[in-house]
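So this one's data26.cif, mmCIF, N, CA and C atoms:
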data_my_file
#
loop_
_atom_site.label_atom_id
_atom_site.label_comp_id
_atom_site.auth_asym_id
_atom_site.auth_seq_id
_atom_site.Cartn_x
_atom_site.Cartn_y
_atom_site.Cartn_z
N ARG N 426 88.44 115.89 72.87
CA ARG N 426 87.75 114.92 73.69
C ARG N 426 88.65 113.70 73.85
N ASP N 427 88.59 113.12 75.02
CA ASP N 427 89.38 111.93 75.30
C ASP N 427 88.52 111.04 76.20
N THR N 428 88.93 109.82 76.35
CA THR N 428 88.17 108.89 77.19
C THR N 428 89.12 108.23 78.18
N TYR N 429 88.67 108.20 79.42
CA TYR N 429 89.37 107.44 80.45
C TYR N 429 88.43 106.31 80.84
N THR N 430 88.95 105.10 80.90
CA THR N 430 88.12 103.96 81.29
C THR N 430 88.46 103.56 82.71
N PHE N 431 87.44 103.62 83.56
CA PHE N 431 87.58 103.16 84.94
C PHE N 431 87.48 101.65 84.93
N ASN N 432 88.53 100.97 85.35
CA ASN N 432 88.52 99.51 85.46
C ASN N 432 88.63 99.15 86.93
N PHE N 433 87.74 98.30 87.38
CA PHE N 433 87.68 97.92 88.78
C PHE N 433 87.47 96.41 88.83
N PRO N 434 88.24 95.68 89.64
CA PRO N 434 88.19 94.22 89.60
C PRO N 434 87.01 93.59 90.35
N ASN N 435 86.01 94.38 90.65
CA ASN N 435 84.84 93.89 91.38
C ASN N 435 83.58 94.39 90.69
N PRO N 436 82.41 93.92 91.11
CA PRO N 436 81.15 94.33 90.48
C PRO N 436 80.87 95.82 90.67
N PRO N 437 80.00 96.38 89.83
CA PRO N 437 79.66 97.80 89.91
C PRO N 437 79.19 98.26 91.29
N SER N 438 78.44 97.43 92.01
CA SER N 438 77.96 97.85 93.34
C SER N 438 79.13 98.12 94.28
N GLU N 439 80.21 97.36 94.15
CA GLU N 439 81.39 97.58 94.99
C GLU N 439 82.18 98.81 94.53
N PHE N 440 82.09 99.11 93.24
CA PHE N 440 82.74 100.32 92.72
C PHE N 440 82.01 101.56 93.26
N VAL N 441 80.70 101.49 93.36
CA VAL N 441 79.93 102.58 93.96
C VAL N 441 80.41 102.79 95.40
N GLU N 442 80.61 101.71 96.14
CA GLU N 442 81.08 101.82 97.53
C GLU N 442 82.46 102.48 97.60
N ALA N 443 83.34 102.15 96.65
CA ALA N 443 84.67 102.78 96.63
C ALA N 443 84.54 104.28 96.39
N PHE N 444 83.66 104.67 95.46
CA PHE N 444 83.42 106.10 95.22
C PHE N 444 82.85 106.75 96.46
N ARG N 445 81.94 106.07 97.12
CA ARG N 445 81.30 106.62 98.32
C ARG N 445 82.31 106.87 99.43
N LYS N 446 83.30 106.01 99.56
CA LYS N 446 84.29 106.12 100.63
C LYS N 446 85.46 107.04 100.30
N TYR N 447 85.85 107.13 99.01
CA TYR N 447 87.12 107.78 98.69
C TYR N 447 87.06 108.93 97.68
N TYR N 448 85.94 109.16 97.00
CA TYR N 448 85.87 110.21 95.98
C TYR N 448 85.06 111.38 96.52
N GLY N 449 85.74 112.51 96.74
CA GLY N 449 85.17 113.67 97.40
C GLY N 449 83.77 114.07 96.97
N PRO N 450 83.52 114.29 95.67
CA PRO N 450 82.17 114.70 95.27
C PRO N 450 81.09 113.67 95.63
N THR N 451 81.42 112.40 95.52
CA THR N 451 80.45 111.37 95.88
C THR N 451 80.27 111.31 97.39
N MET N 452 81.34 111.50 98.13
CA MET N 452 81.24 111.55 99.58
C MET N 452 80.32 112.69 100.00
N ASN N 453 80.48 113.86 99.36
CA ASN N 453 79.64 115.02 99.66
C ASN N 453 78.18 114.76 99.30
N ALA N 454 77.96 114.10 98.17
CA ALA N 454 76.59 113.81 97.76
C ALA N 454 75.91 112.89 98.77
N PHE N 455 76.63 111.88 99.25
CA PHE N 455 76.05 110.98 100.24
C PHE N 455 75.81 111.68 101.57
N GLU N 456 76.71 112.57 101.94
CA GLU N 456 76.52 113.32 103.19
C GLU N 456 75.24 114.14 103.12
N ALA N 457 75.02 114.82 102.00
CA ALA N 457 73.81 115.62 101.82
C ALA N 457 72.58 114.72 101.78
N ALA N 458 72.69 113.59 101.09
CA ALA N 458 71.55 112.67 100.98
C ALA N 458 71.19 112.09 102.34
N GLU N 459 72.18 111.80 103.15
CA GLU N 459 71.93 111.26 104.49
C GLU N 459 71.17 112.26 105.35
N LYS N 460 71.49 113.54 105.21
CA LYS N 460 70.79 114.57 105.99
C LYS N 460 69.31 114.65 105.62
N ASN N 461 69.00 114.27 104.39
CA ASN N 461 67.62 114.30 103.91
C ASN N 461 66.95 112.93 103.91
N GLY N 462 67.63 111.95 104.47
CA GLY N 462 67.06 110.60 104.51
C GLY N 462 66.98 109.94 103.14
N ARG N 463 67.86 110.34 102.22
CA ARG N 463 67.80 109.83 100.84
C ARG N 463 69.04 109.04 100.42
N ALA N 464 69.88 108.67 101.37
CA ALA N 464 71.12 107.96 101.03
C ALA N 464 70.82 106.64 100.32
N GLY N 465 69.79 105.95 100.74
CA GLY N 465 69.42 104.69 100.09
C GLY N 465 69.01 104.90 98.64
N ASP N 466 68.27 105.99 98.39
CA ASP N 466 67.87 106.31 97.01
C ASP N 466 69.09 106.61 96.14
N LEU N 467 70.02 107.39 96.69
CA LEU N 467 71.23 107.73 95.94
C LEU N 467 72.04 106.47 95.65
N GLN N 468 72.18 105.60 96.64
CA GLN N 468 72.91 104.35 96.45
C GLN N 468 72.29 103.53 95.32
N LYS N 469 70.97 103.40 95.35
CA LYS N 469 70.27 102.62 94.33
C LYS N 469 70.45 103.23 92.94
N GLU N 470 70.31 104.56 92.83
CA GLU N 470 70.44 105.21 91.53
C GLU N 470 71.86 105.08 90.98
N LEU N 471 72.85 105.22 91.84
CA LEU N 471 74.23 105.08 91.36
C LEU N 471 74.54 103.64 90.95
N GLU N 472 74.03 102.68 91.71
CA GLU N 472 74.25 101.29 91.32
C GLU N 472 73.60 100.99 89.97
N GLU N 473 72.40 101.52 89.74
CA GLU N 473 71.73 101.33 88.45
C GLU N 473 72.54 101.97 87.33
N LEU N 474 73.03 103.18 87.57
CA LEU N 474 73.84 103.89 86.57
C LEU N 474 75.13 103.13 86.26
N PHE N 475 75.84 102.72 87.30
CA PHE N 475 77.10 101.99 87.09
C PHE N 475 76.83 100.67 86.35
N ASN N 476 75.75 99.99 86.67
CA ASN N 476 75.43 98.75 85.97
C ASN N 476 75.09 99.00 84.50
N ARG N 477 74.36 100.08 84.21
CA ARG N 477 74.02 100.40 82.82
C ARG N 477 75.26 100.75 82.01
N GLN N 478 76.21 101.46 82.62
CA GLN N 478 77.39 101.93 81.89
C GLN N 478 78.51 100.89 81.84
N ASN N 479 78.40 99.84 82.62
CA ASN N 479 79.46 98.83 82.70
C ASN N 479 79.59 98.07 81.38
N LEU N 480 80.77 98.11 80.81
CA LEU N 480 81.03 97.40 79.54
C LEU N 480 81.83 96.12 79.73
N SER N 481 82.12 95.77 80.97
CA SER N 481 82.87 94.55 81.22
C SER N 481 82.03 93.34 80.82
N PRO N 482 82.64 92.39 80.13
CA PRO N 482 81.91 91.17 79.79
C PRO N 482 81.68 90.27 81.02
N ARG N 483 82.41 90.56 82.09
CA ARG N 483 82.28 89.76 83.32
C ARG N 483 81.35 90.46 84.30
N LYS N 484 80.53 89.70 84.97
CA LYS N 484 79.61 90.26 85.97
C LYS N 484 80.33 90.63 87.27
N ASP N 485 81.52 90.07 87.47
CA ASP N 485 82.25 90.34 88.70
C ASP N 485 83.35 91.39 88.51
N ALA N 486 83.24 92.19 87.44
CA ALA N 486 84.22 93.25 87.18
C ALA N 486 83.49 94.46 86.59
N THR N 487 84.17 95.60 86.64
CA THR N 487 83.57 96.84 86.17
C THR N 487 84.52 97.53 85.20
N SER N 488 83.98 98.00 84.09
CA SER N 488 84.73 98.77 83.12
C SER N 488 83.80 99.85 82.57
N ILE N 489 84.02 101.09 82.99
CA ILE N 489 83.13 102.19 82.62
C ILE N 489 83.95 103.29 81.94
N PRO N 490 83.69 103.54 80.64
CA PRO N 490 84.39 104.63 79.96
C PRO N 490 83.77 105.98 80.32
N ALA N 491 84.62 106.98 80.48
CA ALA N 491 84.16 108.34 80.78
C ALA N 491 84.86 109.31 79.83
N THR N 492 84.08 110.05 79.08
CA THR N 492 84.63 111.02 78.13
C THR N 492 84.84 112.35 78.83
N PHE N 493 85.97 112.97 78.54
CA PHE N 493 86.27 114.27 79.12
C PHE N 493 87.00 115.13 78.10
N LEU N 494 87.09 116.40 78.38
CA LEU N 494 87.80 117.33 77.50
C LEU N 494 89.23 117.48 78.00
N ARG N 495 90.16 117.11 77.16
CA ARG N 495 91.58 117.26 77.51
C ARG N 495 92.07 118.57 76.90
N VAL N 496 92.60 119.43 77.75
CA VAL N 496 93.12 120.71 77.30
C VAL N 496 94.63 120.73 77.53
N THR N 497 95.37 121.03 76.49
CA THR N 497 96.81 121.12 76.57
C THR N 497 97.24 122.54 76.21
N VAL N 498 98.04 123.14 77.06
CA VAL N 498 98.50 124.50 76.83
C VAL N 498 99.98 124.45 76.52
N ALA N 499 100.35 125.08 75.41
CA ALA N 499 101.76 125.18 75.03
C ALA N 499 102.22 126.61 75.31
N VAL N 500 103.25 126.73 76.12
CA VAL N 500 103.79 128.03 76.45
C VAL N 500 105.04 128.26 75.59
N PRO N 501 105.04 129.37 74.85
CA PRO N 501 106.21 129.62 73.98
C PRO N 501 107.48 129.92 74.76
#
What would the structure in this file look like if it were written as structure tokens?
Amino acid sequence: RDTYTFNFPNPPSEFVEAFRKYYGPTMNAFEAAEKNGRAGDLQKELEELFNRQNLSPRKDATSIPATFLRVTVAVP
């Protein structure tokens, strides 16, 4: 297990917007939500999540740690 910390120099709501515009899975989620008239709900839920996970001491910055599994393969 390893952790990558997403650091963004703006508030969590703006980080959600960056994910919405540039991160494929989030772009796809918003596209599907828009077709169902739920894009506003998704936006609100993601902003709440990003705010809850934000560890930055500053309100105008975002720092969210994400744990992932790092796999390293050694080829003889």
Which distance in Å separates atom CA of N:Ala458 and atom N of N:Lys446, to one decimal?
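Computing it gives 13.6 Å between the two atoms.
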Skip N:Glu439 itself and residues of its chain fewer than 5 positions away, then list as JSON, numbers by chain all residues within 12 Å of it, counting only C-alpha atoms.
{"N": [433, 434, 444, 445, 446, 468, 471, 472, 475, 476, 484, 485, 486, 487]}
Which residues are near N:Pro490? Cut-off 6 Å, all atoms listed in the file, ignore same chain within fewer than 3 positions. Put them as number ranges by chain.
N: 429-431, 478
Selected residues written out with N, CA and C atoms, as a JSON list (two decimals), in the frame of the given file:
[["chain", "number", "residue", "atom", "x", "y", "z"],
["N", 429, "TYR", "N", 88.67, 108.20, 79.42],
["N", 429, "TYR", "CA", 89.37, 107.44, 80.45],
["N", 429, "TYR", "C", 88.43, 106.31, 80.84],
["N", 430, "THR", "N", 88.95, 105.10, 80.90],
["N", 430, "THR", "CA", 88.12, 103.96, 81.29],
["N", 430, "THR", "C", 88.46, 103.56, 82.71],
["N", 431, "PHE", "N", 87.44, 103.62, 83.56],
["N", 431, "PHE", "CA", 87.58, 103.16, 84.94],
["N", 431, "PHE", "C", 87.48, 101.65, 84.93],
["N", 478, "GLN", "N", 76.21, 101.46, 82.62],
["N", 478, "GLN", "CA", 77.39, 101.93, 81.89],
["N", 478, "GLN", "C", 78.51, 100.89, 81.84]]
What is the atom CA of N:Ser488-atom CA of N:Phe440 distance in Å, reported with one decimal?
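It comes out at 9.9 Å.
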Which neighbours of stretch 448-455 of chain N fall inside 8 Å, counting only C-alpha atoms, when residues of the same chain fewer than 4 positions from it are skipped, and could you give them as a list in words?
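The neighbour list is Ala443, Phe444, Glu459, Ala464 and Leu467 of chain N.
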Generate the output file for the selected residues, N, CA and C atoms, as a compact mmCIF listing (two decimals), in the frame of the given file.
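Just written: selection.txt:
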# COMPACT_ATOMS: atom_id res chain seq x y z
N ALA N 443 83.34 102.15 96.65
CA ALA N 443 84.67 102.78 96.63
C ALA N 443 84.54 104.28 96.39
N PHE N 444 83.66 104.67 95.46
CA PHE N 444 83.42 106.10 95.22
C PHE N 444 82.85 106.75 96.46
N GLU N 459 72.18 111.80 103.15
CA GLU N 459 71.93 111.26 104.49
C GLU N 459 71.17 112.26 105.35
N ALA N 464 69.88 108.67 101.37
CA ALA N 464 71.12 107.96 101.03
C ALA N 464 70.82 106.64 100.32
N LEU N 467 70.02 107.39 96.69
CA LEU N 467 71.23 107.73 95.94
C LEU N 467 72.04 106.47 95.65
Can you give me N, CA, C and O atoms for stretch 474-494 of chain N, written as a compact mmCIF listing (two decimals), keeping the file's coordinate frame?
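The new file rebuild.txt reads:
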# COMPACT_ATOMS: atom_id res chain seq x y z
N LEU N 474 73.03 103.18 87.57
CA LEU N 474 73.84 103.89 86.57
C LEU N 474 75.13 103.13 86.26
O LEU N 474 75.46 102.90 85.10
N PHE N 475 75.84 102.72 87.30
CA PHE N 475 77.10 101.99 87.09
C PHE N 475 76.83 100.67 86.35
O PHE N 475 77.62 100.28 85.49
N ASN N 476 75.75 99.99 86.67
CA ASN N 476 75.43 98.75 85.97
C ASN N 476 75.09 99.00 84.50
O ASN N 476 75.52 98.23 83.64
N ARG N 477 74.36 100.08 84.21
CA ARG N 477 74.02 100.40 82.82
C ARG N 477 75.26 100.75 82.01
O ARG N 477 75.34 100.41 80.83
N GLN N 478 76.21 101.46 82.62
CA GLN N 478 77.39 101.93 81.89
C GLN N 478 78.51 100.89 81.84
O GLN N 478 79.47 101.06 81.07
N ASN N 479 78.40 99.84 82.62
CA ASN N 479 79.46 98.83 82.70
C ASN N 479 79.59 98.07 81.38
O ASN N 479 78.64 97.44 80.92
N LEU N 480 80.77 98.11 80.81
CA LEU N 480 81.03 97.40 79.54
C LEU N 480 81.83 96.12 79.73
O LEU N 480 82.16 95.46 78.75
N SER N 481 82.12 95.77 80.97
CA SER N 481 82.87 94.55 81.22
C SER N 481 82.03 93.34 80.82
O SER N 481 80.85 93.27 81.14
N PRO N 482 82.64 92.39 80.13
CA PRO N 482 81.91 91.17 79.79
C PRO N 482 81.68 90.27 81.02
O PRO N 482 80.86 89.37 80.98
N ARG N 483 82.41 90.56 82.09
CA ARG N 483 82.28 89.76 83.32
C ARG N 483 81.35 90.46 84.30
O ARG N 483 81.42 91.66 84.48
N LYS N 484 80.53 89.70 84.97
CA LYS N 484 79.61 90.26 85.97
C LYS N 484 80.33 90.63 87.27
O LYS N 484 79.82 91.42 88.04
N ASP N 485 81.52 90.07 87.47
CA ASP N 485 82.25 90.34 88.70
C ASP N 485 83.35 91.39 88.51
O ASP N 485 84.27 91.49 89.32
N ALA N 486 83.24 92.19 87.44
CA ALA N 486 84.22 93.25 87.18
C ALA N 486 83.49 94.46 86.59
O ALA N 486 82.37 94.35 86.12
N THR N 487 84.17 95.60 86.64
CA THR N 487 83.57 96.84 86.17
C THR N 487 84.52 97.53 85.20
O THR N 487 85.71 97.64 85.47
N SER N 488 83.98 98.00 84.09
CA SER N 488 84.73 98.77 83.12
C SER N 488 83.80 99.85 82.57
O SER N 488 82.88 99.55 81.80
N ILE N 489 84.02 101.09 82.99
CA ILE N 489 83.13 102.19 82.62
C ILE N 489 83.95 103.29 81.94
O ILE N 489 84.79 103.91 82.58
N PRO N 490 83.69 103.54 80.64
CA PRO N 490 84.39 104.63 79.96
C PRO N 490 83.77 105.98 80.32
O PRO N 490 82.56 106.10 80.49
N ALA N 491 84.62 106.98 80.48
CA ALA N 491 84.16 108.34 80.78
C ALA N 491 84.86 109.31 79.83
O ALA N 491 86.09 109.36 79.77
N THR N 492 84.08 110.05 79.08
CA THR N 492 84.63 111.02 78.13
C THR N 492 84.84 112.35 78.83
O THR N 492 84.01 112.78 79.63
N PHE N 493 85.97 112.97 78.54
CA PHE N 493 86.27 114.27 79.12
C PHE N 493 87.00 115.13 78.10
O PHE N 493 87.44 114.65 77.05
N LEU N 494 87.09 116.40 78.38
CA LEU N 494 87.80 117.33 77.50
C LEU N 494 89.23 117.48 78.00
O LEU N 494 89.45 117.89 79.14
